[in-house]
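Comments concern the structure below.
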Amino acid sequence: MTKLILSVSPHIYGKRTTQKIMLDVIIALLPAAAASVLIFGPRTLLVIGVCAAVSVCSEFVFEKLCKRENTVYDLSAIVTGMLLAYNLPVSIPLWQAAFGSVTAVIVVKQLFGGIGQNFANPAITARIVMMTAFSGTMTNWIYSATPKTPDAVSSPTPLIAAAKGTTSMMPSYTELLLGRHGGCLGETCALALLLGGAYLLIRRVISWHTPAAFIGTVALMSLICGKDPLYQILSGGLILGAFFMATDYATTPPTKLGKLIFGIGCGLITILIRLRLISQSLHV
């Protein structure tokens, strides 16, 4: 009788390793990092560095304590740290950034079995935890047209400005594209994110189905609800989420139809949250 071997997926192996995939993601994230430095100043690198370093250290120490195979070299912890940093304001205290990194890697990723077995994207889940725990510092949006000088001021994000109807503080399409406004480190410069997303598509690290369905749903629902579709697409973390988070291998359906449905669901949730934000602003 032939011996039957049981194992978890994947069951088909190719030349592309996890390390190579994660390296491509890191490369795709670099344009947004460069744009963030130009927009917010050199402290950007400190926040990104702390998140990446603590993520790697957290994974290494946890796996050592649990006597698991060391997976630090697959670069997934660095990707998690970078994505978390991109969801933080430049003024975030570094100890809070470190806390978020530990939460993402240990609580969301490692406690559920490690890479490929997490129930949700570690970076975005850690951001939700941080928004609950540190709401004050997590919403302290800093922007300065000349980040090399210390005269940066608090500034609302485009979505908050639009929700409150403060048209004088709403950036133009060009400013949204180039990231010349307040917001998180990695969500402001739409152009840099689109370049990174294009790289992932060209390298076939991701497919077009989830990002297209995600962004298309937000655009369509914005039009139906009387909002500016282009403004909604270029504002907030939509592009970052569509290309770098909703495409997470562990939490995205494997089939093309599943990816489309998943993207539509993400788009509907996004537009509902934004409409809720507008409704709350109108009642303030």
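The chains in the structure tokens are called A, B, ... from first to last as shown; in each chain the residues are counted from 1, and the ligands are counted from 1 in the order shown.
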Using only C-alpha atoms, which residues sit within 8 Å of segment 178-192 of chain A once same-chain residues fewer than 2 positions away are excluded, as a tab-separated table (two decimals) with all heavy atoms, in the first residue's frame?
```tsv
chain	number	residue	atom	x	y	z
A	31	PRO	N	9.02	53.67	-3.40
A	31	PRO	CA	8.61	55.00	-3.88
A	31	PRO	C	7.79	55.79	-2.85
A	31	PRO	O	7.99	57.00	-2.69
A	31	PRO	CB	7.78	54.68	-5.12
A	31	PRO	CG	8.30	53.38	-5.60
A	31	PRO	CD	8.64	52.61	-4.36
A	32	ALA	N	6.90	55.09	-2.14
A	32	ALA	CA	6.10	55.77	-1.11
A	32	ALA	C	6.98	56.22	0.04
A	32	ALA	O	6.74	57.27	0.65
A	32	ALA	CB	5.00	54.83	-0.61
A	33	ALA	N	8.01	55.44	0.37
A	33	ALA	CA	8.94	55.83	1.44
A	33	ALA	C	9.70	57.09	1.05
A	33	ALA	O	9.85	58.03	1.86
A	33	ALA	CB	9.91	54.69	1.73
A	35	ALA	N	8.77	59.36	-1.12
A	35	ALA	CA	7.83	60.48	-1.14
A	35	ALA	C	7.53	60.97	0.27
A	35	ALA	O	7.43	62.18	0.52
A	35	ALA	CB	6.53	60.06	-1.83
A	36	SER	N	7.42	60.05	1.22
A	36	SER	CA	7.14	60.42	2.60
A	36	SER	C	8.27	61.24	3.22
A	36	SER	O	8.02	62.18	3.98
A	36	SER	CB	6.90	59.16	3.45
A	36	SER	OG	5.77	58.46	3.00
A	39	ILE	N	7.93	64.68	1.88
A	39	ILE	CA	6.73	65.37	2.37
A	39	ILE	C	6.82	65.67	3.86
A	39	ILE	O	6.52	66.79	4.30
A	39	ILE	CB	5.47	64.52	2.08
A	39	ILE	CG1	5.26	64.37	0.58
A	39	ILE	CG2	4.23	65.14	2.73
A	39	ILE	CD1	4.28	63.28	0.21
A	40	PHE	N	7.23	64.69	4.66
A	40	PHE	CA	7.18	64.82	6.11
A	40	PHE	C	8.54	65.01	6.78
A	40	PHE	O	8.60	65.29	7.97
A	40	PHE	CB	6.50	63.58	6.72
A	40	PHE	CG	5.08	63.40	6.28
A	40	PHE	CD1	4.74	62.38	5.40
A	40	PHE	CD2	4.08	64.24	6.73
A	40	PHE	CE1	3.43	62.20	4.99
A	40	PHE	CE2	2.77	64.08	6.33
A	40	PHE	CZ	2.44	63.04	5.45
A	44	THR	N	10.49	60.41	9.10
A	44	THR	CA	9.82	59.31	8.41
A	44	THR	C	10.67	58.04	8.45
A	44	THR	O	10.17	56.95	8.76
A	44	THR	CB	9.56	59.69	6.93
A	44	THR	OG1	8.64	60.79	6.88
A	44	THR	CG2	8.99	58.52	6.16
A	83	LEU	N	4.49	48.33	6.28
A	83	LEU	CA	3.06	48.63	6.07
A	83	LEU	C	2.45	49.29	7.29
A	83	LEU	O	1.62	50.20	7.17
A	83	LEU	CB	2.31	47.35	5.72
A	83	LEU	CG	2.53	46.81	4.31
A	83	LEU	CD1	1.82	45.47	4.13
A	83	LEU	CD2	2.04	47.81	3.26
A	85	ALA	N	4.10	51.16	9.49
A	85	ALA	CA	4.63	52.52	9.50
A	85	ALA	C	3.89	53.42	8.52
A	85	ALA	O	3.65	54.60	8.81
A	85	ALA	CB	6.12	52.49	9.17
A	86	TYR	N	3.52	52.88	7.38
A	86	TYR	CA	2.81	53.66	6.37
A	86	TYR	C	1.40	54.04	6.83
A	86	TYR	O	0.77	54.91	6.24
A	86	TYR	CB	2.71	52.86	5.07
A	86	TYR	CG	3.99	52.83	4.28
A	86	TYR	CD1	5.22	53.12	4.87
A	86	TYR	CD2	3.99	52.48	2.93
A	86	TYR	CE1	6.39	53.08	4.15
A	86	TYR	CE2	5.17	52.44	2.20
A	86	TYR	CZ	6.37	52.74	2.82
A	86	TYR	OH	7.53	52.70	2.10
A	87	ASN	N	0.91	53.38	7.88
A	87	ASN	CA	-0.41	53.69	8.42
A	87	ASN	C	-0.34	54.56	9.66
A	87	ASN	O	-1.34	54.72	10.36
A	87	ASN	CB	-1.14	52.39	8.76
A	87	ASN	CG	-1.75	51.72	7.56
A	87	ASN	OD1	-2.86	52.05	7.14
A	87	ASN	ND2	-1.03	50.79	6.96
A	88	LEU	N	0.84	55.13	9.94
A	88	LEU	CA	1.03	55.96	11.12
A	88	LEU	C	1.38	57.39	10.73
A	88	LEU	O	1.99	57.61	9.68
A	88	LEU	CB	2.16	55.39	11.98
A	88	LEU	CG	2.04	53.94	12.45
A	88	LEU	CD1	3.28	53.53	13.23
A	88	LEU	CD2	0.78	53.73	13.28
A	89	PRO	N	1.01	58.36	11.57
A	89	PRO	CA	1.45	59.74	11.32
A	89	PRO	C	2.92	59.90	11.67
A	89	PRO	O	3.46	59.15	12.49
A	89	PRO	CB	0.56	60.57	12.25
A	89	PRO	CG	0.20	59.62	13.36
A	89	PRO	CD	0.10	58.27	12.72
A	90	VAL	N	3.58	60.86	11.07
A	90	VAL	CA	5.01	61.04	11.29
A	90	VAL	C	5.33	61.42	12.72
A	90	VAL	O	6.43	61.17	13.22
A	90	VAL	CB	5.57	62.10	10.31
A	90	VAL	CG1	5.04	63.50	10.67
A	90	VAL	CG2	7.09	62.09	10.29
A	141	TRP	N	-2.30	64.66	12.65
A	141	TRP	CA	-1.77	64.76	11.28
A	141	TRP	C	-0.90	65.99	11.14
A	141	TRP	O	-1.36	67.11	11.32
A	141	TRP	CB	-2.91	64.80	10.28
A	141	TRP	CG	-3.99	63.81	10.54
A	141	TRP	CD1	-5.28	64.09	10.86
A	141	TRP	CD2	-3.89	62.38	10.52
A	141	TRP	NE1	-5.98	62.94	11.04
A	141	TRP	CE2	-5.16	61.87	10.84
A	141	TRP	CE3	-2.84	61.50	10.27
A	141	TRP	CZ2	-5.42	60.51	10.91
A	141	TRP	CZ3	-3.10	60.14	10.34
A	141	TRP	CH2	-4.37	59.67	10.65
A	142	ILE	N	0.36	65.79	10.82
A	142	ILE	CA	1.32	66.88	10.68
A	142	ILE	C	1.69	67.04	9.22
A	142	ILE	O	1.94	66.07	8.52
A	142	ILE	CB	2.59	66.62	11.50
A	142	ILE	CG1	2.25	66.45	12.98
A	142	ILE	CG2	3.59	67.75	11.31
A	142	ILE	CD1	1.65	67.68	13.62
A	143	TYR	N	1.70	68.28	8.76
A	143	TYR	CA	2.14	68.54	7.39
A	143	TYR	C	2.84	69.89	7.33
A	143	TYR	O	2.41	70.85	7.95
A	143	TYR	CB	0.98	68.54	6.40
A	143	TYR	CG	1.41	69.01	5.03
A	143	TYR	CD1	2.23	68.22	4.23
A	143	TYR	CD2	1.01	70.26	4.55
A	143	TYR	CE1	2.64	68.65	2.99
A	143	TYR	CE2	1.41	70.69	3.31
A	143	TYR	CZ	2.23	69.88	2.52
A	143	TYR	OH	2.65	70.32	1.30
A	145	ALA	N	4.87	72.29	4.20
A	145	ALA	CA	5.32	72.40	2.81
A	145	ALA	C	6.84	72.36	2.72
A	145	ALA	O	7.40	72.06	1.67
A	145	ALA	CB	4.79	73.69	2.18
A	154	SER	N	-0.41	71.02	12.60
A	154	SER	CA	-1.44	70.00	12.48
A	154	SER	C	-2.36	70.36	11.32
A	154	SER	O	-2.72	71.53	11.14
A	154	SER	CB	-2.25	69.90	13.77
A	154	SER	OG	-1.42	69.45	14.83
A	155	SER	N	-2.72	69.36	10.55
A	155	SER	CA	-3.54	69.60	9.38
A	155	SER	C	-4.50	68.43	9.19
A	155	SER	O	-4.10	67.28	9.36
A	155	SER	CB	-2.65	69.75	8.13
A	155	SER	OG	-3.43	69.81	6.96
A	156	PRO	N	-5.77	68.69	8.87
A	156	PRO	CA	-6.71	67.59	8.66
A	156	PRO	C	-6.39	66.84	7.38
A	156	PRO	O	-5.81	67.38	6.45
A	156	PRO	CB	-8.06	68.31	8.55
A	156	PRO	CG	-7.72	69.67	8.02
A	156	PRO	CD	-6.40	70.00	8.65
A	157	THR	N	-6.77	65.57	7.34
A	157	THR	CA	-6.61	64.81	6.12
A	157	THR	C	-7.63	65.30	5.10
A	157	THR	O	-8.63	65.93	5.46
A	157	THR	CB	-6.83	63.31	6.37
A	157	THR	OG1	-8.18	63.11	6.77
A	157	THR	CG2	-5.89	62.81	7.46
A	158	PRO	N	-7.44	65.03	3.81
A	158	PRO	CA	-8.40	65.46	2.79
A	158	PRO	C	-9.82	64.97	3.06
A	158	PRO	O	-10.79	65.70	2.86
A	158	PRO	CB	-7.84	64.87	1.50
A	158	PRO	CG	-6.38	64.77	1.75
A	158	PRO	CD	-6.24	64.42	3.19
A	171	PRO	N	-7.15	69.81	-0.45
A	171	PRO	CA	-6.12	69.87	-1.48
A	171	PRO	C	-6.69	69.62	-2.87
A	171	PRO	O	-7.74	68.98	-3.02
A	171	PRO	CB	-5.16	68.75	-1.06
A	171	PRO	CG	-5.98	67.82	-0.24
A	171	PRO	CD	-6.98	68.67	0.46
A	174	THR	N	-3.95	67.64	-7.96
A	174	THR	CA	-2.49	67.57	-8.09
A	174	THR	C	-1.84	67.35	-6.74
A	174	THR	O	-0.90	66.54	-6.60
A	174	THR	CB	-1.94	68.84	-8.73
A	174	THR	OG1	-2.54	69.02	-10.02
A	174	THR	CG2	-0.43	68.76	-8.89
A	175	GLU	N	-2.32	68.06	-5.74
A	175	GLU	CA	-1.77	67.90	-4.38
A	175	GLU	C	-2.05	66.51	-3.82
A	175	GLU	O	-1.22	65.94	-3.12
A	175	GLU	CB	-2.34	68.98	-3.47
A	175	GLU	CG	-1.80	70.38	-3.79
A	175	GLU	CD	-2.50	71.46	-2.99
A	175	GLU	OE1	-3.71	71.31	-2.71
A	175	GLU	OE2	-1.84	72.47	-2.66
A	176	LEU	N	-3.22	65.95	-4.15
A	176	LEU	CA	-3.53	64.60	-3.72
A	176	LEU	C	-2.61	63.59	-4.40
A	176	LEU	O	-2.13	62.64	-3.79
A	176	LEU	CB	-4.99	64.26	-4.05
A	176	LEU	CG	-6.07	64.93	-3.20
A	176	LEU	CD1	-7.44	64.61	-3.76
A	176	LEU	CD2	-5.98	64.48	-1.74
A	194	LEU	N	0.77	54.22	-6.75
A	194	LEU	CA	0.40	53.66	-8.06
A	194	LEU	C	1.60	53.06	-8.77
A	194	LEU	O	1.50	52.02	-9.43
A	194	LEU	CB	-0.26	54.74	-8.92
A	194	LEU	CG	-1.65	55.18	-8.48
A	194	LEU	CD1	-2.11	56.39	-9.28
A	194	LEU	CD2	-2.66	54.04	-8.64
A	195	LEU	N	2.75	53.71	-8.63
A	195	LEU	CA	3.98	53.16	-9.21
A	195	LEU	C	4.32	51.82	-8.56
A	195	LEU	O	4.69	50.85	-9.25
A	195	LEU	CB	5.14	54.14	-9.02
A	195	LEU	CG	5.12	55.41	-9.88
A	195	LEU	CD1	6.25	56.35	-9.47
A	195	LEU	CD2	5.23	55.06	-11.36
A	196	GLY	N	4.19	51.76	-7.25
A	196	GLY	CA	4.44	50.51	-6.54
A	196	GLY	C	3.45	49.42	-6.91
A	196	GLY	O	3.82	48.26	-7.10
A	234	LEU	N	-8.23	59.19	-4.65
A	234	LEU	CA	-6.92	59.73	-4.34
A	234	LEU	C	-6.75	60.08	-2.85
A	234	LEU	O	-5.64	60.33	-2.41
A	234	LEU	CB	-6.66	60.99	-5.18
A	234	LEU	CG	-6.59	60.78	-6.70
A	234	LEU	CD1	-6.39	62.12	-7.41
A	234	LEU	CD2	-5.47	59.81	-7.06
A	235	SER	N	-7.84	60.09	-2.10
A	235	SER	CA	-7.78	60.47	-0.69
A	235	SER	C	-7.67	59.25	0.21
A	235	SER	O	-8.10	58.14	-0.14
A	235	SER	CB	-9.03	61.27	-0.30
A	235	SER	OG	-9.17	62.42	-1.09
A	236	GLY	N	-7.12	59.47	1.40
A	236	GLY	CA	-7.06	58.41	2.40
A	236	GLY	C	-6.15	57.26	2.00
A	236	GLY	O	-5.28	57.39	1.14
A	237	GLY	N	-6.37	56.12	2.60
A	237	GLY	CA	-5.52	54.97	2.36
A	237	GLY	C	-6.07	53.98	1.36
A	237	GLY	O	-5.69	52.81	1.37
A	238	LEU	N	-6.95	54.45	0.47
A	238	LEU	CA	-7.59	53.55	-0.48
A	238	LEU	C	-6.59	52.82	-1.38
A	238	LEU	O	-6.63	51.60	-1.53
A	238	LEU	CB	-8.60	54.32	-1.35
A	238	LEU	CG	-9.28	53.52	-2.46
A	238	LEU	CD1	-10.06	52.34	-1.89
A	238	LEU	CD2	-10.19	54.40	-3.29
A	239	ILE	N	-5.69	53.57	-2.01
A	239	ILE	CA	-4.74	52.96	-2.94
A	239	ILE	C	-3.76	52.05	-2.19
A	239	ILE	O	-3.44	50.94	-2.65
A	239	ILE	CB	-3.99	54.04	-3.73
A	239	ILE	CG1	-4.98	54.87	-4.55
A	239	ILE	CG2	-2.94	53.42	-4.64
A	239	ILE	CD1	-4.34	56.01	-5.31
A	240	LEU	N	-3.30	52.48	-1.03
A	240	LEU	CA	-2.42	51.65	-0.20
A	240	LEU	C	-3.12	50.35	0.16
A	240	LEU	O	-2.54	49.26	0.05
A	240	LEU	CB	-2.02	52.41	1.06
A	240	LEU	CG	-1.15	51.65	2.07
A	240	LEU	CD1	0.21	51.32	1.47
A	240	LEU	CD2	-0.98	52.46	3.36
```
Exercise. Among the residues of segment 48-245 of chain A, find those DSSP assigns to alpha helix (DSSP H) from the backbone and print them as a PyMOL selection string.
Key: chain A and resi 48-65+76-86+94-102+122-133+135-138+158-164+173-178+190-202+209-224+229-234+238-240
Quiz item: Rounded to one decimal in Å, what is the spacing between atom CA of Val205 of chain A and atom CA of Leu260 of chain A?
Solution: 16.6 Å
Quiz prompt | Non-local contacts of segment 251-256 of chain A (12 Å; only C-alpha atoms; under 2 positions in same chain excluded) as a PyMOL selection string | solution = chain A and resi 10+109+115-122+206-213+242-249+258-263+265-266
Got time to write the residues from that selection, N, CA, C and O atoms, as a short mmCIF file (atom, residue, chain, number, x, y, z; two decimals), in the first residue's frame?
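So result_22.cif came out as:
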```
data_model
loop_
_atom_site.label_atom_id
_atom_site.label_comp_id
_atom_site.auth_asym_id
_atom_site.auth_seq_id
_atom_site.Cartn_x
_atom_site.Cartn_y
_atom_site.Cartn_z
N PRO A 10 1.06 25.20 0.83
CA PRO A 10 0.80 24.90 -0.57
C PRO A 10 1.27 23.50 -0.97
O PRO A 10 2.21 22.97 -0.39
N LYS A 109 -0.01 37.69 13.89
CA LYS A 109 0.65 36.75 12.98
C LYS A 109 1.10 35.47 13.67
O LYS A 109 0.63 34.37 13.36
N ILE A 115 3.36 33.04 9.26
CA ILE A 115 3.04 33.52 7.93
C ILE A 115 2.11 32.56 7.19
O ILE A 115 2.28 31.35 7.22
N GLY A 116 1.09 33.14 6.56
CA GLY A 116 0.13 32.35 5.81
C GLY A 116 -1.03 31.84 6.63
O GLY A 116 -2.00 31.30 6.07
N GLN A 117 -1.00 32.00 7.95
CA GLN A 117 -2.07 31.49 8.80
C GLN A 117 -2.75 32.58 9.62
O GLN A 117 -3.60 32.29 10.46
N ASN A 118 -2.37 33.83 9.39
CA ASN A 118 -3.00 34.93 10.12
C ASN A 118 -4.42 35.14 9.62
O ASN A 118 -4.72 34.98 8.44
N PHE A 119 -5.32 35.52 10.54
CA PHE A 119 -6.73 35.67 10.20
C PHE A 119 -7.03 36.99 9.51
O PHE A 119 -8.08 37.16 8.89
N ALA A 120 -6.12 37.95 9.64
CA ALA A 120 -6.31 39.27 9.03
C ALA A 120 -4.94 39.84 8.73
O ALA A 120 -3.91 39.33 9.18
N ASN A 121 -4.91 40.92 7.95
CA ASN A 121 -3.64 41.57 7.66
C ASN A 121 -3.05 42.12 8.95
O ASN A 121 -3.69 42.91 9.64
N PRO A 122 -1.84 41.71 9.33
CA PRO A 122 -1.27 42.13 10.62
C PRO A 122 -1.12 43.64 10.77
O PRO A 122 -1.40 44.19 11.84
N ILE A 206 0.89 40.23 -7.53
CA ILE A 206 -0.55 40.32 -7.30
C ILE A 206 -1.26 40.29 -8.64
O ILE A 206 -0.65 40.51 -9.70
N SER A 207 -2.57 40.05 -8.63
CA SER A 207 -3.38 40.15 -9.83
C SER A 207 -4.23 41.42 -9.75
O SER A 207 -4.37 42.02 -8.68
N TRP A 208 -4.81 41.80 -10.86
CA TRP A 208 -5.54 43.07 -10.93
C TRP A 208 -6.92 42.98 -10.29
O TRP A 208 -7.56 44.01 -10.02
N HIS A 209 -7.42 41.77 -10.03
CA HIS A 209 -8.83 41.58 -9.68
C HIS A 209 -9.26 42.31 -8.41
O HIS A 209 -10.24 43.08 -8.41
N THR A 210 -8.53 42.09 -7.31
CA THR A 210 -8.92 42.73 -6.04
C THR A 210 -8.73 44.24 -6.07
O THR A 210 -9.66 44.98 -5.70
N PRO A 211 -7.58 44.78 -6.50
CA PRO A 211 -7.44 46.24 -6.54
C PRO A 211 -8.46 46.91 -7.45
O PRO A 211 -9.03 47.95 -7.08
N ALA A 212 -8.72 46.33 -8.63
CA ALA A 212 -9.66 46.94 -9.56
C ALA A 212 -11.08 46.93 -8.99
O ALA A 212 -11.82 47.92 -9.09
N ALA A 213 -11.47 45.80 -8.39
CA ALA A 213 -12.81 45.71 -7.80
C ALA A 213 -12.95 46.65 -6.61
O ALA A 213 -13.99 47.29 -6.43
N ALA A 242 -5.75 48.93 -1.37
CA ALA A 242 -6.14 48.13 -2.52
C ALA A 242 -4.99 47.30 -3.07
O ALA A 242 -5.17 46.14 -3.44
N PHE A 243 -3.80 47.89 -3.14
CA PHE A 243 -2.67 47.20 -3.76
C PHE A 243 -1.80 46.42 -2.77
O PHE A 243 -1.21 45.40 -3.13
N PHE A 244 -1.72 46.89 -1.52
CA PHE A 244 -0.75 46.30 -0.61
C PHE A 244 -1.36 45.54 0.57
O PHE A 244 -0.65 44.78 1.22
N MET A 245 -2.64 45.73 0.85
CA MET A 245 -3.24 45.07 2.00
C MET A 245 -4.36 44.11 1.62
O MET A 245 -4.42 42.99 2.12
N ALA A 246 -5.25 44.56 0.74
CA ALA A 246 -6.33 43.67 0.33
C ALA A 246 -5.82 42.50 -0.50
O ALA A 246 -6.54 41.52 -0.69
N THR A 247 -4.59 42.60 -0.99
CA THR A 247 -4.00 41.52 -1.80
C THR A 247 -3.16 40.56 -0.97
O THR A 247 -2.46 39.72 -1.52
N ASP A 248 -3.22 40.69 0.34
CA ASP A 248 -2.48 39.80 1.24
C ASP A 248 -2.83 38.34 0.94
O ASP A 248 -4.00 37.97 0.92
N TYR A 249 -1.83 37.52 0.67
CA TYR A 249 -2.07 36.14 0.25
C TYR A 249 -2.88 35.33 1.26
O TYR A 249 -3.72 34.52 0.88
N GLY A 258 -13.42 34.97 -6.60
CA GLY A 258 -13.34 35.28 -5.17
C GLY A 258 -12.64 36.60 -4.91
O GLY A 258 -13.06 37.39 -4.05
N LYS A 259 -11.57 36.87 -5.67
CA LYS A 259 -10.86 38.13 -5.52
C LYS A 259 -11.75 39.31 -5.89
O LYS A 259 -11.71 40.37 -5.25
N LEU A 260 -12.54 39.16 -6.95
CA LEU A 260 -13.44 40.23 -7.36
C LEU A 260 -14.49 40.51 -6.29
O LEU A 260 -14.75 41.67 -5.94
N ILE A 261 -15.08 39.45 -5.77
CA ILE A 261 -16.11 39.61 -4.73
C ILE A 261 -15.49 40.22 -3.47
O ILE A 261 -16.07 41.11 -2.83
N PHE A 262 -14.31 39.76 -3.13
CA PHE A 262 -13.60 40.29 -1.96
C PHE A 262 -13.31 41.77 -2.13
O PHE A 262 -13.51 42.58 -1.21
N GLY A 263 -12.84 42.16 -3.32
CA GLY A 263 -12.56 43.57 -3.60
C GLY A 263 -13.80 44.43 -3.52
O GLY A 263 -13.78 45.55 -3.00
N GLY A 265 -16.45 43.79 -1.73
CA GLY A 265 -16.78 43.90 -0.31
C GLY A 265 -15.94 44.94 0.41
O GLY A 265 -16.44 45.74 1.20
N CYS A 266 -14.63 44.95 0.10
CA CYS A 266 -13.74 45.96 0.70
C CYS A 266 -14.16 47.36 0.30
O CYS A 266 -14.15 48.29 1.12
#
```
Would you mind listing what lies within 9 Å of segment 91-103 of chain A as a short mmCIF file (atom, residue, chain, number, x, y, z; two decimals) with C-alpha atoms, in the first residue's frame, with only C-alpha atoms counted and same-chain residues fewer than 2 positions away left out?
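Below you can see selection19.cif, which holds the result:
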```cif
data_model
loop_
_atom_site.label_atom_id
_atom_site.label_comp_id
_atom_site.auth_asym_id
_atom_site.auth_seq_id
_atom_site.Cartn_x
_atom_site.Cartn_y
_atom_site.Cartn_z
CA ARG A 43 11.70 61.45 10.91
CA THR A 44 9.82 59.31 8.41
CA LEU A 46 13.01 56.73 11.92
CA VAL A 47 9.38 55.61 12.18
CA ILE A 48 9.77 53.12 9.32
CA VAL A 50 11.64 51.32 14.23
CA CYS A 51 8.58 49.47 12.92
CA ALA A 52 10.65 47.23 10.65
CA ALA A 53 13.35 46.52 13.26
CA VAL A 54 10.88 45.76 16.08
CA SER A 55 8.84 43.54 13.76
CA VAL A 56 11.90 41.49 12.85
CA CYS A 57 13.09 41.26 16.46
CA SER A 58 9.61 40.28 17.67
CA GLU A 59 9.39 37.47 15.15
CA THR A 80 4.64 44.03 8.01
CA GLY A 81 6.71 46.71 9.75
CA LEU A 84 2.35 49.48 9.70
CA ALA A 85 4.63 52.52 9.50
CA LEU A 88 1.03 55.96 11.12
CA PRO A 89 1.45 59.74 11.32
CA VAL A 105 3.81 40.30 14.45
CA ILE A 106 3.16 38.41 17.68
CA VAL A 107 -0.57 38.81 18.36
CA VAL A 108 -1.96 38.83 14.83
CA LYS A 109 0.65 36.75 12.98
CA PRO A 122 -1.27 42.13 10.62
CA ALA A 123 -0.43 45.75 9.81
CA THR A 125 -5.15 45.06 12.47
CA ALA A 126 -2.37 46.61 14.54
CA ARG A 127 -3.42 50.04 13.29
CA VAL A 129 -5.62 48.44 17.93
CA MET A 130 -3.48 51.59 18.01
CA PHE A 134 -3.73 55.92 21.20
CA THR A 137 -1.45 60.60 18.71
CA MET A 138 -2.84 58.44 15.90
CA ASN A 140 -2.27 64.04 14.98
CA TRP A 141 -1.77 64.76 11.28
CA ILE A 142 1.32 66.88 10.68
#
```
Self-check item: For atom CA of Arg16 of chain A and atom CA of Ala34 of chain A, the interatomic separation in Å (one decimal)
Solution: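 Atom CA of Arg16 of chain A sits 27.1 Å away from atom CA of Ala34 of chain A.
Secondary structure of segment 50-225 of chain A, strand (DSSP E or B) only (DSSP, backbone atoms): Ile142, Tyr143, Val153 and Ser154 of chain A.
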For the residues in the current selection, export N, CA, C and O atoms as a PDB file, in the first residue's frame.
```
ATOM      1  N   ILE A 142       0.362  65.790  10.821  1.00  0.00           N
ATOM      2  CA  ILE A 142       1.318  66.880  10.682  1.00  0.00           C
ATOM      3  C   ILE A 142       1.689  67.044   9.216  1.00  0.00           C
ATOM      4  O   ILE A 142       1.945  66.069   8.518  1.00  0.00           O
ATOM      5  N   TYR A 143       1.700  68.278   8.763  1.00  0.00           N
ATOM      6  CA  TYR A 143       2.145  68.537   7.392  1.00  0.00           C
ATOM      7  C   TYR A 143       2.837  69.893   7.333  1.00  0.00           C
ATOM      8  O   TYR A 143       2.407  70.854   7.951  1.00  0.00           O
ATOM      9  N   VAL A 153       2.699  72.076  11.065  1.00  0.00           N
ATOM     10  CA  VAL A 153       1.491  72.313  11.842  1.00  0.00           C
ATOM     11  C   VAL A 153       0.531  71.152  11.650  1.00  0.00           C
ATOM     12  O   VAL A 153       0.628  70.385  10.702  1.00  0.00           O
ATOM     13  N   SER A 154      -0.407  71.017  12.600  1.00  0.00           N
ATOM     14  CA  SER A 154      -1.439  69.997  12.476  1.00  0.00           C
ATOM     15  C   SER A 154      -2.358  70.358  11.319  1.00  0.00           C
ATOM     16  O   SER A 154      -2.715  71.525  11.139  1.00  0.00           O
TER      17      SER A 154
END
```
Quiz prompt | Spatial neighbours of Leu75 of chain A, max dist 10 Å, only C-alpha atoms, sep filter under 4 positions, as a ChimeraX atom specification | solution = /A:18-23,25-26,52,56,71,79-80
